[in-house]
Structures are given as C-alpha cells and as structure tokens.
$ cat work22.cif   # mmCIF, N, CA and C atoms
data_entry
loop_
_atom_site.label_atom_id
_atom_site.label_comp_id
_atom_site.auth_asym_id
_atom_site.auth_seq_id
_atom_site.Cartn_x
_atom_site.Cartn_y
_atom_site.Cartn_z
N MET A 1 -55.40 59.61 -258.53
CA MET A 1 -55.59 59.32 -257.12
C MET A 1 -54.28 58.72 -256.58
N GLU A 2 -53.74 59.33 -255.54
CA GLU A 2 -52.52 58.83 -254.92
C GLU A 2 -52.86 57.73 -253.92
N ILE A 3 -52.21 56.59 -254.08
CA ILE A 3 -52.46 55.44 -253.21
C ILE A 3 -51.22 55.23 -252.35
N ASN A 4 -51.42 55.12 -251.03
CA ASN A 4 -50.31 54.93 -250.10
C ASN A 4 -50.48 53.65 -249.30
N GLN A 5 -49.33 53.08 -248.93
CA GLN A 5 -49.31 51.87 -248.12
C GLN A 5 -50.08 52.11 -246.82
N TYR A 6 -50.85 51.12 -246.42
CA TYR A 6 -51.67 51.08 -245.21
C TYR A 6 -52.91 51.97 -245.27
N GLN A 7 -53.24 52.48 -246.45
CA GLN A 7 -54.53 53.14 -246.62
C GLN A 7 -55.62 52.09 -246.68
N ILE A 8 -56.81 52.48 -246.30
CA ILE A 8 -57.99 51.63 -246.46
C ILE A 8 -58.74 52.18 -247.66
N ILE A 9 -59.00 51.30 -248.63
CA ILE A 9 -59.67 51.70 -249.87
C ILE A 9 -60.85 50.78 -250.12
N LEU A 10 -61.85 51.30 -250.82
CA LEU A 10 -63.00 50.49 -251.22
C LEU A 10 -62.71 49.90 -252.59
N VAL A 11 -62.81 48.56 -252.70
CA VAL A 11 -62.39 47.86 -253.91
C VAL A 11 -63.48 46.89 -254.35
N ASN A 12 -63.69 46.82 -255.66
CA ASN A 12 -64.57 45.81 -256.25
C ASN A 12 -63.73 44.56 -256.51
N LEU A 13 -63.91 43.49 -255.72
CA LEU A 13 -63.10 42.28 -255.85
C LEU A 13 -63.71 41.24 -256.78
N ASP A 14 -64.90 41.48 -257.31
CA ASP A 14 -65.52 40.50 -258.22
C ASP A 14 -64.85 40.58 -259.57
N SER A 15 -64.64 39.57 -260.27
CA SER A 15 -65.12 38.23 -260.04
C SER A 15 -64.04 37.38 -259.40
N THR A 16 -64.50 36.43 -258.59
CA THR A 16 -63.61 35.56 -257.85
C THR A 16 -64.04 34.12 -258.06
N ILE A 17 -63.20 33.21 -257.60
CA ILE A 17 -63.57 31.79 -257.64
C ILE A 17 -63.21 31.15 -256.31
N GLY A 18 -63.86 30.04 -256.00
CA GLY A 18 -63.53 29.26 -254.82
C GLY A 18 -63.62 30.03 -253.52
N GLY A 19 -62.57 29.93 -252.72
CA GLY A 19 -62.54 30.50 -251.38
C GLY A 19 -62.04 31.93 -251.32
N GLU A 20 -61.90 32.59 -252.47
CA GLU A 20 -61.43 33.98 -252.48
C GLU A 20 -62.51 34.90 -251.91
N ILE A 21 -62.08 35.91 -251.16
CA ILE A 21 -63.02 36.90 -250.64
C ILE A 21 -63.53 37.74 -251.80
N LYS A 22 -64.85 37.91 -251.86
CA LYS A 22 -65.46 38.60 -252.99
C LYS A 22 -66.24 39.82 -252.55
N LYS A 23 -66.96 40.41 -253.46
CA LYS A 23 -67.81 41.59 -253.28
C LYS A 23 -66.99 42.87 -253.27
N THR A 24 -67.70 43.99 -253.21
CA THR A 24 -67.06 45.29 -253.04
C THR A 24 -66.89 45.49 -251.54
N ARG A 25 -65.64 45.72 -251.12
CA ARG A 25 -65.36 45.80 -249.70
C ARG A 25 -64.12 46.63 -249.44
N PRO A 26 -63.96 47.09 -248.19
CA PRO A 26 -62.72 47.79 -247.83
C PRO A 26 -61.54 46.83 -247.88
N CYS A 27 -60.39 47.37 -248.27
CA CYS A 27 -59.15 46.61 -248.33
C CYS A 27 -58.02 47.50 -247.84
N VAL A 28 -56.95 46.87 -247.38
CA VAL A 28 -55.77 47.60 -246.94
C VAL A 28 -54.69 47.46 -248.00
N VAL A 29 -54.06 48.58 -248.35
CA VAL A 29 -52.96 48.56 -249.32
C VAL A 29 -51.72 48.03 -248.61
N ILE A 30 -51.15 46.96 -249.14
CA ILE A 30 -49.97 46.32 -248.58
C ILE A 30 -48.70 46.74 -249.34
N SER A 31 -48.83 46.97 -250.64
CA SER A 31 -47.65 47.28 -251.46
C SER A 31 -47.03 48.62 -251.05
N PRO A 32 -45.69 48.73 -251.19
CA PRO A 32 -45.01 49.97 -250.80
C PRO A 32 -45.30 51.12 -251.75
N ASN A 33 -45.11 52.34 -251.27
CA ASN A 33 -45.45 53.54 -252.03
C ASN A 33 -44.75 53.63 -253.38
N GLU A 34 -43.49 53.18 -253.47
CA GLU A 34 -42.77 53.22 -254.75
C GLU A 34 -43.50 52.40 -255.81
N MET A 35 -43.99 51.23 -255.44
CA MET A 35 -44.75 50.40 -256.38
C MET A 35 -46.09 51.06 -256.70
N ASN A 36 -46.74 51.57 -255.67
CA ASN A 36 -48.06 52.18 -255.85
C ASN A 36 -48.00 53.37 -256.81
N LYS A 37 -46.90 54.09 -256.78
CA LYS A 37 -46.76 55.28 -257.61
C LYS A 37 -46.55 54.94 -259.09
N TYR A 38 -45.79 53.89 -259.38
CA TYR A 38 -45.36 53.64 -260.75
C TYR A 38 -46.06 52.49 -261.47
N LEU A 39 -46.66 51.58 -260.75
CA LEU A 39 -47.31 50.44 -261.40
C LEU A 39 -48.81 50.66 -261.52
N ARG A 40 -49.43 49.96 -262.46
CA ARG A 40 -50.89 50.02 -262.62
C ARG A 40 -51.60 49.13 -261.62
N THR A 41 -50.83 48.31 -260.92
CA THR A 41 -51.40 47.39 -259.95
C THR A 41 -50.92 47.72 -258.54
N ILE A 42 -51.71 47.27 -257.56
CA ILE A 42 -51.31 47.39 -256.15
C ILE A 42 -51.62 46.06 -255.46
N VAL A 43 -50.97 45.84 -254.34
CA VAL A 43 -51.20 44.64 -253.55
C VAL A 43 -52.07 45.02 -252.36
N ILE A 44 -53.14 44.25 -252.16
CA ILE A 44 -54.11 44.57 -251.11
C ILE A 44 -54.42 43.33 -250.27
N ALA A 45 -54.97 43.59 -249.09
CA ALA A 45 -55.54 42.54 -248.25
C ALA A 45 -56.97 42.97 -247.92
N PRO A 46 -57.95 42.14 -248.22
CA PRO A 46 -59.34 42.51 -247.96
C PRO A 46 -59.68 42.53 -246.47
N ILE A 47 -60.69 43.31 -246.13
CA ILE A 47 -61.20 43.39 -244.76
C ILE A 47 -62.57 42.73 -244.75
N THR A 48 -62.80 41.91 -243.73
CA THR A 48 -64.09 41.25 -243.56
C THR A 48 -64.65 41.57 -242.18
N THR A 49 -65.96 41.56 -242.05
CA THR A 49 -66.58 41.82 -240.74
C THR A 49 -66.92 40.53 -240.02
N SER A 50 -66.74 39.40 -240.70
CA SER A 50 -66.97 38.12 -240.03
C SER A 50 -65.73 37.25 -240.21
N SER A 51 -65.15 36.86 -239.09
CA SER A 51 -63.92 36.08 -239.16
C SER A 51 -63.77 35.23 -237.92
N LYS A 52 -63.11 34.11 -238.10
CA LYS A 52 -62.68 33.31 -236.96
C LYS A 52 -61.35 33.86 -236.49
N ASN A 53 -60.89 33.40 -235.36
CA ASN A 53 -59.66 33.91 -234.78
C ASN A 53 -58.44 33.21 -235.41
N TYR A 54 -58.15 33.54 -236.67
CA TYR A 54 -57.00 32.98 -237.37
C TYR A 54 -55.75 33.80 -237.05
N PRO A 55 -54.58 33.16 -237.02
CA PRO A 55 -53.35 33.92 -236.75
C PRO A 55 -52.97 34.88 -237.87
N THR A 56 -53.59 34.73 -239.05
CA THR A 56 -53.29 35.62 -240.18
C THR A 56 -54.32 36.73 -240.33
N ARG A 57 -55.16 36.93 -239.33
CA ARG A 57 -56.16 37.99 -239.37
C ARG A 57 -55.83 39.04 -238.31
N VAL A 58 -55.94 40.31 -238.69
CA VAL A 58 -55.65 41.42 -237.79
C VAL A 58 -56.94 42.18 -237.54
N GLU A 59 -57.33 42.27 -236.28
CA GLU A 59 -58.55 43.01 -235.93
C GLU A 59 -58.28 44.50 -235.98
N ILE A 60 -59.19 45.23 -236.63
CA ILE A 60 -59.09 46.69 -236.71
C ILE A 60 -60.44 47.30 -236.42
N LYS A 61 -60.42 48.58 -236.13
CA LYS A 61 -61.66 49.35 -235.99
C LYS A 61 -61.63 50.43 -237.06
N HIS A 62 -62.65 50.41 -237.92
CA HIS A 62 -62.77 51.41 -238.97
C HIS A 62 -64.22 51.80 -239.13
N ASP A 63 -64.47 53.08 -239.20
CA ASP A 63 -65.82 53.58 -239.40
C ASP A 63 -66.76 53.07 -238.30
N ASN A 64 -66.25 53.04 -237.05
CA ASN A 64 -67.00 52.57 -235.88
C ASN A 64 -67.45 51.12 -235.99
N LYS A 65 -66.73 50.32 -236.79
CA LYS A 65 -67.03 48.90 -236.93
C LYS A 65 -65.75 48.11 -236.69
N ILE A 66 -65.93 46.89 -236.20
CA ILE A 66 -64.81 45.98 -236.03
C ILE A 66 -64.70 45.14 -237.30
N GLY A 67 -63.49 44.99 -237.79
CA GLY A 67 -63.24 44.16 -238.96
C GLY A 67 -61.93 43.43 -238.81
N TRP A 68 -61.66 42.53 -239.73
CA TRP A 68 -60.43 41.76 -239.72
C TRP A 68 -59.77 41.85 -241.09
N ILE A 69 -58.48 42.21 -241.09
CA ILE A 69 -57.71 42.22 -242.32
C ILE A 69 -57.27 40.78 -242.59
N GLY A 70 -57.61 40.28 -243.76
CA GLY A 70 -57.27 38.91 -244.14
C GLY A 70 -55.91 38.83 -244.81
N LEU A 71 -54.86 38.72 -244.00
CA LEU A 71 -53.52 38.65 -244.57
C LEU A 71 -53.25 37.31 -245.25
N ASP A 72 -54.17 36.37 -245.11
CA ASP A 72 -54.11 35.11 -245.85
C ASP A 72 -54.82 35.22 -247.19
N GLN A 73 -55.37 36.39 -247.51
CA GLN A 73 -56.12 36.61 -248.76
C GLN A 73 -55.49 37.72 -249.61
N ILE A 74 -54.21 37.96 -249.44
CA ILE A 74 -53.52 39.02 -250.19
C ILE A 74 -53.62 38.74 -251.69
N ARG A 75 -53.87 39.82 -252.45
CA ARG A 75 -53.90 39.68 -253.91
C ARG A 75 -53.50 40.98 -254.58
N THR A 76 -53.13 40.87 -255.83
CA THR A 76 -52.76 42.02 -256.63
C THR A 76 -53.96 42.41 -257.48
N ILE A 77 -54.26 43.71 -257.50
CA ILE A 77 -55.40 44.20 -258.28
C ILE A 77 -54.96 45.37 -259.16
N ASP A 78 -55.68 45.58 -260.24
CA ASP A 78 -55.49 46.78 -261.06
C ASP A 78 -56.14 47.95 -260.34
N LYS A 79 -55.54 49.11 -260.47
CA LYS A 79 -56.08 50.30 -259.79
C LYS A 79 -57.49 50.67 -260.27
N GLN A 80 -57.91 50.16 -261.42
CA GLN A 80 -59.27 50.42 -261.91
C GLN A 80 -60.33 49.83 -260.99
N ARG A 81 -59.95 48.85 -260.15
CA ARG A 81 -60.91 48.25 -259.22
C ARG A 81 -61.20 49.15 -258.02
N ILE A 82 -60.37 50.18 -257.79
CA ILE A 82 -60.55 51.06 -256.63
C ILE A 82 -61.74 51.99 -256.86
N ILE A 83 -62.62 52.05 -255.88
CA ILE A 83 -63.80 52.91 -255.97
C ILE A 83 -63.52 54.24 -255.27
N LYS A 84 -62.98 54.18 -254.04
CA LYS A 84 -62.64 55.42 -253.33
C LYS A 84 -61.73 55.12 -252.15
N LEU A 85 -61.12 56.18 -251.62
CA LEU A 85 -60.29 56.10 -250.43
C LEU A 85 -61.19 56.20 -249.20
N LEU A 86 -60.89 55.41 -248.17
CA LEU A 86 -61.74 55.40 -246.98
C LEU A 86 -61.02 55.86 -245.71
N GLY A 87 -59.72 55.73 -245.66
CA GLY A 87 -59.01 56.09 -244.43
C GLY A 87 -57.64 55.48 -244.39
N ARG A 88 -57.15 55.26 -243.18
CA ARG A 88 -55.80 54.73 -242.98
C ARG A 88 -55.77 53.94 -241.68
N LEU A 89 -54.92 52.91 -241.63
CA LEU A 89 -54.74 52.16 -240.40
C LEU A 89 -54.06 53.04 -239.35
N SER A 90 -54.36 52.77 -238.09
CA SER A 90 -53.68 53.46 -237.00
C SER A 90 -52.25 52.90 -236.87
N LYS A 91 -51.40 53.61 -236.16
CA LYS A 91 -50.02 53.14 -235.97
C LYS A 91 -49.95 51.77 -235.29
N PRO A 92 -50.74 51.51 -234.24
CA PRO A 92 -50.71 50.16 -233.65
C PRO A 92 -51.19 49.07 -234.63
N GLU A 93 -52.18 49.40 -235.48
CA GLU A 93 -52.66 48.43 -236.47
C GLU A 93 -51.57 48.16 -237.51
N VAL A 94 -50.87 49.20 -237.96
CA VAL A 94 -49.77 49.03 -238.92
C VAL A 94 -48.70 48.13 -238.32
N LYS A 95 -48.38 48.36 -237.06
CA LYS A 95 -47.35 47.57 -236.39
C LYS A 95 -47.74 46.09 -236.35
N GLU A 96 -49.00 45.82 -236.04
CA GLU A 96 -49.46 44.43 -235.99
C GLU A 96 -49.49 43.80 -237.37
N VAL A 97 -49.93 44.55 -238.38
CA VAL A 97 -49.94 44.03 -239.75
C VAL A 97 -48.53 43.67 -240.20
N THR A 98 -47.57 44.56 -239.99
CA THR A 98 -46.20 44.28 -240.44
C THR A 98 -45.62 43.09 -239.68
N SER A 99 -45.93 42.97 -238.41
CA SER A 99 -45.44 41.84 -237.62
C SER A 99 -45.97 40.52 -238.16
N ILE A 100 -47.27 40.47 -238.45
CA ILE A 100 -47.87 39.23 -238.95
C ILE A 100 -47.41 38.93 -240.37
N LEU A 101 -47.24 39.96 -241.20
CA LEU A 101 -46.70 39.74 -242.55
C LEU A 101 -45.32 39.11 -242.48
N LYS A 102 -44.46 39.63 -241.63
CA LYS A 102 -43.11 39.08 -241.48
C LYS A 102 -43.16 37.64 -240.97
N GLU A 103 -43.98 37.41 -239.95
CA GLU A 103 -44.07 36.08 -239.37
C GLU A 103 -44.61 35.06 -240.37
N THR A 104 -45.59 35.47 -241.16
CA THR A 104 -46.25 34.56 -242.08
C THR A 104 -45.45 34.33 -243.36
N TYR A 105 -44.90 35.40 -243.93
CA TYR A 105 -44.31 35.29 -245.26
C TYR A 105 -42.79 35.40 -245.31
N VAL A 106 -42.15 35.86 -244.24
CA VAL A 106 -40.71 36.09 -244.30
C VAL A 106 -39.93 35.11 -243.42
N ASP A 107 -40.32 34.98 -242.18
CA ASP A 107 -39.53 34.15 -241.25
C ASP A 107 -39.71 32.67 -241.48
#
$ encode --input "work22.cif" --output "structure tokens"
Amino acid sequence: MEINQYQIILVNLDSTIGGEIKKTRPCVVISPNEMNKYLRTIVIAPITTSSKNYPTRVEIKHDNKIGWIGLDQIRTIDKQRIIKLLGRLSKPEVKEVTSILKETYVD
C-alpha cells in the first residue's frame, strides 16, 4: 500500500495512555513521501469529531462530516496499524495544516 503525505487513513491507535487520542480513527499522514516510501513507520495526526477551538486544531470536512486534525497529538506509528486509505486533504486544508505546523513546531 502506497502512503502519501496528507492522505487520510484509518488507523488503530490503541493502546494508549493518559491524554493520548485513542481508538480506531481517521488520521492525516504528516511525514513526507520519501520517509513514507522507505521506513516501516509514518508520522500521523489523528482526527477527532469533538474538539475545542485550540490553535493546534485544523477543521476539515471528510466523508460529509466535520472533524479536527489534532496537530498537538502527532505521533509515529508502524504501518501495520493502518487499516485502509480513506481520502486526501483538500488544497486549502493542506495549506492550513502546513501553516500551523510551521507556526507550532518551527517558528
């Protein structure tokens, strides 16, 4: 299965501890394609349907539902956790994700 940056994938995030987002849920691939192609792991940000208005959350519409990408919950997972591919972020959503990633983790 080819995994690309900004794809939405269904991932089993269990088991978790504390405040980590858990359950099987859609996630956005954050890691770049070069890493996704050669490593057994990928970097993801989970999507939740219930969120407060945090500056690290990006609102998206997927599968006719509103959700929020939790860029404060980024984690690395083994590709074995992936259940299936679900779609891809729109160009405006990608732009907002990259902007918030830069603001939060780079600047």
$ resolve_selection --input "work22.cif" --expression "the PyMOL selection byres ((chain A and resi 5) around 6)" --output "ChimeraX atom specification"
/A:3-4,6-7,29-33
$ select_by_dssp --input "work22.cif" --residues "segment 14-101 of chain A" --states "helix (DSSP H, G or I)" --output "mmCIF file with N, CA and C atoms, in the coordinates of the input"
data_model
loop_
_atom_site.group_PDB
_atom_site.id
_atom_site.type_symbol
_atom_site.label_atom_id
_atom_site.label_comp_id
_atom_site.auth_asym_id
_atom_site.auth_seq_id
_atom_site.Cartn_x
_atom_site.Cartn_y
_atom_site.Cartn_z
ATOM 1 N N ASN A 33 -45.110 52.340 -251.270
ATOM 2 C CA ASN A 33 -45.450 53.540 -252.030
ATOM 3 C C ASN A 33 -44.750 53.630 -253.380
ATOM 4 N N GLU A 34 -43.490 53.180 -253.470
ATOM 5 C CA GLU A 34 -42.770 53.220 -254.750
ATOM 6 C C GLU A 34 -43.500 52.400 -255.810
ATOM 7 N N MET A 35 -43.990 51.230 -255.440
ATOM 8 C CA MET A 35 -44.750 50.400 -256.380
ATOM 9 C C MET A 35 -46.090 51.060 -256.700
ATOM 10 N N ASN A 36 -46.740 51.570 -255.670
ATOM 11 C CA ASN A 36 -48.060 52.180 -255.850
ATOM 12 C C ASN A 36 -48.000 53.370 -256.810
ATOM 13 N N LYS A 37 -46.900 54.090 -256.780
ATOM 14 C CA LYS A 37 -46.760 55.280 -257.610
ATOM 15 C C LYS A 37 -46.550 54.940 -259.090
ATOM 16 N N TYR A 38 -45.790 53.890 -259.380
ATOM 17 C CA TYR A 38 -45.360 53.640 -260.750
ATOM 18 C C TYR A 38 -46.060 52.490 -261.470
ATOM 19 N N LYS A 79 -55.540 49.110 -260.470
ATOM 20 C CA LYS A 79 -56.080 50.300 -259.790
ATOM 21 C C LYS A 79 -57.490 50.670 -260.270
ATOM 22 N N GLN A 80 -57.910 50.160 -261.420
ATOM 23 C CA GLN A 80 -59.270 50.420 -261.910
ATOM 24 C C GLN A 80 -60.330 49.830 -260.990
ATOM 25 N N ARG A 81 -59.950 48.850 -260.150
ATOM 26 C CA ARG A 81 -60.910 48.250 -259.220
ATOM 27 C C ARG A 81 -61.200 49.150 -258.020
ATOM 28 N N LYS A 91 -51.400 53.610 -236.160
ATOM 29 C CA LYS A 91 -50.020 53.140 -235.970
ATOM 30 C C LYS A 91 -49.950 51.770 -235.290
ATOM 31 N N PRO A 92 -50.740 51.510 -234.240
ATOM 32 C CA PRO A 92 -50.710 50.160 -233.650
ATOM 33 C C PRO A 92 -51.190 49.070 -234.630
ATOM 34 N N GLU A 93 -52.180 49.400 -235.480
ATOM 35 C CA GLU A 93 -52.660 48.430 -236.470
ATOM 36 C C GLU A 93 -51.570 48.160 -237.510
ATOM 37 N N VAL A 94 -50.870 49.200 -237.960
ATOM 38 C CA VAL A 94 -49.770 49.030 -238.920
ATOM 39 C C VAL A 94 -48.700 48.130 -238.320
ATOM 40 N N LYS A 95 -48.380 48.360 -237.060
ATOM 41 C CA LYS A 95 -47.350 47.570 -236.390
ATOM 42 C C LYS A 95 -47.740 46.090 -236.350
ATOM 43 N N GLU A 96 -49.000 45.820 -236.040
ATOM 44 C CA GLU A 96 -49.460 44.430 -235.990
ATOM 45 C C GLU A 96 -49.490 43.800 -237.370
ATOM 46 N N VAL A 97 -49.930 44.550 -238.380
ATOM 47 C CA VAL A 97 -49.940 44.030 -239.750
ATOM 48 C C VAL A 97 -48.530 43.670 -240.200
ATOM 49 N N THR A 98 -47.570 44.560 -239.990
ATOM 50 C CA THR A 98 -46.200 44.280 -240.440
ATOM 51 C C THR A 98 -45.620 43.090 -239.680
ATOM 52 N N SER A 99 -45.930 42.970 -238.410
ATOM 53 C CA SER A 99 -45.440 41.840 -237.620
ATOM 54 C C SER A 99 -45.970 40.520 -238.160
ATOM 55 N N ILE A 100 -47.270 40.470 -238.450
ATOM 56 C CA ILE A 100 -47.870 39.230 -238.950
ATOM 57 C C ILE A 100 -47.410 38.930 -240.370
ATOM 58 N N LEU A 101 -47.240 39.960 -241.200
ATOM 59 C CA LEU A 101 -46.700 39.740 -242.550
ATOM 60 C C LEU A 101 -45.320 39.110 -242.480
#
$ closest_residue --input "work22.cif" --among "A:Val106, A:Ile82, A:Leu13, A:Ile69" --to "Thr49 of chain A" --atoms "only N, CA and C atoms"
A:Ile69
$ select_by_dssp --input "work22.cif" --residues "chain A" --states "strand (DSSP E)" --output "PyMOL selection string"
chain A and resi 7-12+24-29+41-48+57-62+65-70+75-78+82-88
$ atom_distance --input "work22.cif" --atom1 "atom CA of Ile66 of chain A" --atom2 "atom CA of Ile47 of chain A"
9.8 Å
$ closest_residue --input "work22.cif" --among "A:Glu93, A:Glu2, A:Ile100, A:Lys79" --to "Lys61 of chain A" --atoms "all atoms listed in the file"
A:Glu93
$ closest_residue --input "work22.cif" --among "A:Ile44, A:Val58, A:Val97, A:Leu39" --to "Leu10 of chain A" --atoms "only C-alpha atoms"
A:Ile44
$ residues_around --input "work22.cif" --residues "Asp78 of chain A" --least-positions-apart "3" --cutoff "6.5 Å" --atoms "only N, CA and C atoms" --output "list in words"
Arg40, Thr41, Ile42, Arg81 and Ile82 of chain A
$ atom_distance --input "work22.cif" --atom1 "atom CA of Arg25 of chain A" --atom2 "atom CA of Gly67 of chain A"
11.1 Å
$ closest_residue --input "work22.cif" --among "A:Met35, A:Ile77, A:Leu71, A:Val11" --to "Leu101 of chain A" --atoms "all atoms listed in the file"
A:Leu71
$ residues_around --input "work22.cif" --residues "Ile74 of chain A" --least-positions-apart "4" --cutoff "7 Å" --atoms "all atoms listed in the file" --output "short mmCIF file (atom, residue, chain, number, x, y, z; two decimals) with N, CA and C atoms, in the frame of the given file"
data_model
loop_
_atom_site.label_atom_id
_atom_site.label_comp_id
_atom_site.auth_asym_id
_atom_site.auth_seq_id
_atom_site.Cartn_x
_atom_site.Cartn_y
_atom_site.Cartn_z
N VAL A 43 -50.97 45.84 -254.34
CA VAL A 43 -51.20 44.64 -253.55
C VAL A 43 -52.07 45.02 -252.36
N ILE A 44 -53.14 44.25 -252.16
CA ILE A 44 -54.11 44.57 -251.11
C ILE A 44 -54.42 43.33 -250.27
N ALA A 45 -54.97 43.59 -249.09
CA ALA A 45 -55.54 42.54 -248.25
C ALA A 45 -56.97 42.97 -247.92
N PRO A 46 -57.95 42.14 -248.22
CA PRO A 46 -59.34 42.51 -247.96
C PRO A 46 -59.68 42.53 -246.47
N GLY A 70 -57.61 40.28 -243.76
CA GLY A 70 -57.27 38.91 -244.14
C GLY A 70 -55.91 38.83 -244.81
#
$ build_atoms --input "work22.cif" --residues "segment 77-89 of chain A" --atoms "N, CA, C and O atoms" --output "short mmCIF file (atom, residue, chain, number, x, y, z; two decimals), in the frame of the given file"
data_model
loop_
_atom_site.label_atom_id
_atom_site.label_comp_id
_atom_site.auth_asym_id
_atom_site.auth_seq_id
_atom_site.Cartn_x
_atom_site.Cartn_y
_atom_site.Cartn_z
N ILE A 77 -54.26 43.71 -257.50
CA ILE A 77 -55.40 44.20 -258.28
C ILE A 77 -54.96 45.37 -259.16
O ILE A 77 -53.99 46.06 -258.86
N ASP A 78 -55.68 45.58 -260.24
CA ASP A 78 -55.49 46.78 -261.06
C ASP A 78 -56.14 47.95 -260.34
O ASP A 78 -57.17 47.80 -259.68
N LYS A 79 -55.54 49.11 -260.47
CA LYS A 79 -56.08 50.30 -259.79
C LYS A 79 -57.49 50.67 -260.27
O LYS A 79 -58.21 51.37 -259.57
N GLN A 80 -57.91 50.16 -261.42
CA GLN A 80 -59.27 50.42 -261.91
C GLN A 80 -60.33 49.83 -260.99
O GLN A 80 -61.49 50.25 -261.02
N ARG A 81 -59.95 48.85 -260.15
CA ARG A 81 -60.91 48.25 -259.22
C ARG A 81 -61.20 49.15 -258.02
O ARG A 81 -62.15 48.93 -257.28
N ILE A 82 -60.37 50.18 -257.79
CA ILE A 82 -60.55 51.06 -256.63
C ILE A 82 -61.74 51.99 -256.86
O ILE A 82 -61.84 52.65 -257.89
N ILE A 83 -62.62 52.05 -255.88
CA ILE A 83 -63.80 52.91 -255.97
C ILE A 83 -63.52 54.24 -255.27
O ILE A 83 -63.79 55.30 -255.81
N LYS A 84 -62.98 54.18 -254.04
CA LYS A 84 -62.64 55.42 -253.33
C LYS A 84 -61.73 55.12 -252.15
O LYS A 84 -61.59 53.98 -251.71
N LEU A 85 -61.12 56.18 -251.62
CA LEU A 85 -60.29 56.10 -250.43
C LEU A 85 -61.19 56.20 -249.20
O LEU A 85 -62.12 57.01 -249.19
N LEU A 86 -60.89 55.41 -248.17
CA LEU A 86 -61.74 55.40 -246.98
C LEU A 86 -61.02 55.86 -245.71
O LEU A 86 -61.67 56.29 -244.77
N GLY A 87 -59.72 55.73 -245.66
CA GLY A 87 -59.01 56.09 -244.43
C GLY A 87 -57.64 55.48 -244.39
O GLY A 87 -57.04 55.18 -245.42
N ARG A 88 -57.15 55.26 -243.18
CA ARG A 88 -55.80 54.73 -242.98
C ARG A 88 -55.77 53.94 -241.68
O ARG A 88 -56.50 54.25 -240.73
N LEU A 89 -54.92 52.91 -241.63
CA LEU A 89 -54.74 52.16 -240.40
C LEU A 89 -54.06 53.04 -239.35
O LEU A 89 -53.27 53.92 -239.69
#
